[in-house]
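Have a look at the structure below before the remarks.
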Amino acid sequence: MRLNDYIELDRGKVKSNAKMMKDCARAIRNENSVMIFPEGTRSLDGVIRAFKLGAFEIAKETKSPILPIVIQGTANALPKGGIELQGKHNMSITILPEVPYSDFAEISSEDLCEKVRNKIQEELDKK
């Protein structure tokens, strides 16, 4: 992953988190896309969990749009703690409409986080 310029994060380490935030902001300013999983980890049961604020703080800092992506059906295919795919499973990816910076420029990271999480939950509830 290092060869591919992935942004590293050593979970639970404050310095690593701060470096990851800076690296993400730098990548975005260099016109690269950054994909962040705001739950921070895989769900044990496939149910959406609380989001962490980092992605939304970065979006506000860099004045970047957010492109919410809903991934479904992976909980059984790659269970938490596992590194091997488990059999055949129906999975789907839905790309929701972009949330432009102008839609969240005046709200807090916390409110933005909740807004995006709600959009993703609404899509999950459709299926």
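A note on labels: chains of the structure tokens are A, B, ... as shown, every chain counts residues from 1, and ligands are counted from 1 in their shown order.
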
Give me the residues near range 71-76 of chain A as a PDB file with N, CA, C and O atoms, in the first residue's frame, where near means some atom within 10 Å (using only C-alpha atoms) and where sequence neighbours in that chain fewer than 5 positions away do not count.
```
ATOM      1  N   ARG A  42     -14.765  -1.793  10.256  1.00  0.00           N
ATOM      2  CA  ARG A  42     -15.878  -2.586   9.734  1.00  0.00           C
ATOM      3  C   ARG A  42     -16.874  -2.899  10.843  1.00  0.00           C
ATOM      4  O   ARG A  42     -16.499  -3.105  11.992  1.00  0.00           O
ATOM      5  N   SER A  43     -18.113  -2.965  10.465  1.00  0.00           N
ATOM      6  CA  SER A  43     -19.185  -3.296  11.392  1.00  0.00           C
ATOM      7  C   SER A  43     -19.196  -4.801  11.655  1.00  0.00           C
ATOM      8  O   SER A  43     -18.931  -5.599  10.753  1.00  0.00           O
ATOM      9  N   LEU A  44     -19.514  -5.180  12.870  1.00  0.00           N
ATOM     10  CA  LEU A  44     -19.637  -6.608  13.198  1.00  0.00           C
ATOM     11  C   LEU A  44     -20.860  -7.235  12.544  1.00  0.00           C
ATOM     12  O   LEU A  44     -20.859  -8.407  12.187  1.00  0.00           O
ATOM     13  N   ASP A  45     -21.931  -6.438  12.376  1.00  0.00           N
ATOM     14  CA  ASP A  45     -23.202  -6.980  11.896  1.00  0.00           C
ATOM     15  C   ASP A  45     -23.717  -6.328  10.612  1.00  0.00           C
ATOM     16  O   ASP A  45     -24.811  -6.625  10.168  1.00  0.00           O
ATOM     17  N   GLY A  46     -22.936  -5.424  10.022  1.00  0.00           N
ATOM     18  CA  GLY A  46     -23.364  -4.769   8.797  1.00  0.00           C
ATOM     19  C   GLY A  46     -24.226  -3.536   9.020  1.00  0.00           C
ATOM     20  O   GLY A  46     -24.605  -2.863   8.066  1.00  0.00           O
ATOM     21  N   VAL A  47     -24.547  -3.239  10.265  1.00  0.00           N
ATOM     22  CA  VAL A  47     -25.360  -2.061  10.587  1.00  0.00           C
ATOM     23  C   VAL A  47     -24.441  -0.839  10.651  1.00  0.00           C
ATOM     24  O   VAL A  47     -23.364  -0.894  11.233  1.00  0.00           O
ATOM     25  N   LEU A  85     -11.741 -13.284   1.742  1.00  0.00           N
ATOM     26  CA  LEU A  85     -13.142 -13.236   1.331  1.00  0.00           C
ATOM     27  C   LEU A  85     -13.798 -14.577   1.616  1.00  0.00           C
ATOM     28  O   LEU A  85     -13.188 -15.627   1.424  1.00  0.00           O
ATOM     29  N   GLN A  86     -15.045 -14.524   2.057  1.00  0.00           N
ATOM     30  CA  GLN A  86     -15.778 -15.721   2.474  1.00  0.00           C
ATOM     31  C   GLN A  86     -16.908 -16.030   1.487  1.00  0.00           C
ATOM     32  O   GLN A  86     -18.000 -15.491   1.613  1.00  0.00           O
ATOM     33  N   GLY A  87     -16.673 -16.860   0.501  1.00  0.00           N
ATOM     34  CA  GLY A  87     -17.721 -17.315  -0.401  1.00  0.00           C
ATOM     35  C   GLY A  87     -18.263 -16.245  -1.319  1.00  0.00           C
ATOM     36  O   GLY A  87     -17.655 -15.208  -1.541  1.00  0.00           O
ATOM     37  N   LYS A  88     -19.476 -16.520  -1.851  1.00  0.00           N
ATOM     38  CA  LYS A  88     -20.137 -15.602  -2.778  1.00  0.00           C
ATOM     39  C   LYS A  88     -21.216 -14.832  -2.031  1.00  0.00           C
ATOM     40  O   LYS A  88     -21.979 -15.415  -1.261  1.00  0.00           O
ATOM     41  N   HIS A  89     -21.273 -13.527  -2.290  1.00  0.00           N
ATOM     42  CA  HIS A  89     -22.258 -12.670  -1.628  1.00  0.00           C
ATOM     43  C   HIS A  89     -22.704 -11.581  -2.587  1.00  0.00           C
ATOM     44  O   HIS A  89     -21.934 -11.128  -3.438  1.00  0.00           O
ATOM     45  N   ASN A  90     -23.951 -11.173  -2.433  1.00  0.00           N
ATOM     46  CA  ASN A  90     -24.451 -10.045  -3.197  1.00  0.00           C
ATOM     47  C   ASN A  90     -23.964  -8.762  -2.539  1.00  0.00           C
ATOM     48  O   ASN A  90     -24.191  -8.548  -1.346  1.00  0.00           O
ATOM     49  N   MET A  91     -23.280  -7.944  -3.294  1.00  0.00           N
ATOM     50  CA  MET A  91     -22.780  -6.668  -2.803  1.00  0.00           C
ATOM     51  C   MET A  91     -23.175  -5.592  -3.790  1.00  0.00           C
ATOM     52  O   MET A  91     -23.379  -5.872  -4.979  1.00  0.00           O
ATOM     53  N   SER A  92     -23.300  -4.374  -3.284  1.00  0.00           N
ATOM     54  CA  SER A  92     -23.622  -3.264  -4.179  1.00  0.00           C
ATOM     55  C   SER A  92     -22.916  -1.995  -3.715  1.00  0.00           C
ATOM     56  O   SER A  92     -22.594  -1.844  -2.532  1.00  0.00           O
ATOM     57  N   ILE A  93     -22.685  -1.139  -4.687  1.00  0.00           N
ATOM     58  CA  ILE A  93     -22.114   0.180  -4.418  1.00  0.00           C
ATOM     59  C   ILE A  93     -23.041   1.190  -5.063  1.00  0.00           C
ATOM     60  O   ILE A  93     -23.381   1.072  -6.248  1.00  0.00           O
ATOM     61  N   THR A  94     -23.468   2.175  -4.285  1.00  0.00           N
ATOM     62  CA  THR A  94     -24.311   3.247  -4.786  1.00  0.00           C
ATOM     63  C   THR A  94     -23.598   4.572  -4.537  1.00  0.00           C
ATOM     64  O   THR A  94     -23.201   4.865  -3.406  1.00  0.00           O
ATOM     65  N   ILE A  95     -23.421   5.332  -5.590  1.00  0.00           N
ATOM     66  CA  ILE A  95     -22.800   6.641  -5.467  1.00  0.00           C
ATOM     67  C   ILE A  95     -23.915   7.675  -5.399  1.00  0.00           C
ATOM     68  O   ILE A  95     -24.714   7.812  -6.330  1.00  0.00           O
ATOM     69  N   ILE A 120     -26.714   8.556   3.793  1.00  0.00           N
ATOM     70  CA  ILE A 120     -26.292   7.160   3.589  1.00  0.00           C
ATOM     71  C   ILE A 120     -27.305   6.204   4.224  1.00  0.00           C
ATOM     72  O   ILE A 120     -27.685   5.203   3.618  1.00  0.00           O
ATOM     73  N   LEU A 124     -29.536   3.142   2.591  1.00  0.00           N
ATOM     74  CA  LEU A 124     -29.532   1.786   3.141  1.00  0.00           C
ATOM     75  C   LEU A 124     -30.950   1.320   3.472  1.00  0.00           C
ATOM     76  O   LEU A 124     -31.278   0.140   3.284  1.00  0.00           O
ATOM     77  N   LYS A 127     -33.234  -0.481   0.752  1.00  0.00           N
ATOM     78  CA  LYS A 127     -32.993  -1.858   0.296  1.00  0.00           C
ATOM     79  C   LYS A 127     -33.409  -2.882   1.289  1.00  0.00           C
ATOM     80  O   LYS A 127     -33.583  -2.752   2.393  1.00  0.00           O
TER      81      LYS A 127
END
```

What are the DSSP helix (DSSP H, G or I) residues of chain A, as an MDAnalysis selection string? chainID A and resid 2:4 14:29 54:62 74:77 101:103 109:126

Go through range 31-88 of chain A and flag each residue having an atom no more than 10 Å from range 96-102 of chain A; for those, report the closest pair of atoms plus their distance in Å to one decimal, using only C-alpha atoms, ordered by chain and rising number, as a Markdown table.
```
| residue | atom | partner | partner_atom | distance |
| --- | --- | --- | --- | --- |
| A:Ala59 | CA | A:Tyr101 | CA | 7.7 |
| A:Lys60 | CA | A:Tyr101 | CA | 7.3 |
| A:Thr62 | CA | A:Tyr101 | CA | 9.2 |
| A:Lys63 | CA | A:Tyr101 | CA | 5.6 |
| A:Ser64 | CA | A:Tyr101 | CA | 5.7 |
| A:Pro65 | CA | A:Pro100 | CA | 4.4 |
| A:Ile66 | CA | A:Val99 | CA | 5.0 |
| A:Leu67 | CA | A:Glu98 | CA | 4.5 |
| A:Pro68 | CA | A:Leu96 | CA | 5.4 |
| A:Ile69 | CA | A:Leu96 | CA | 6.0 |
| A:Val70 | CA | A:Leu96 | CA | 7.5 |
```

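Compared by their closest atoms to Ile7 in chain A, and using only C-alpha atoms, the residues A:Ile58, A:Ile36, A:Glu31, A:Gln121 rank with A:Ile36 nearest.
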
Of A:Asp5, A:Glu84, A:Glu114, A:Asp10, the one nearest to Ala50 in chain A when counting only C-alpha atoms is A:Glu114

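Going from CA of Cys113 in chain A to CA of Lys52 in chain A covers 7.7 Å.
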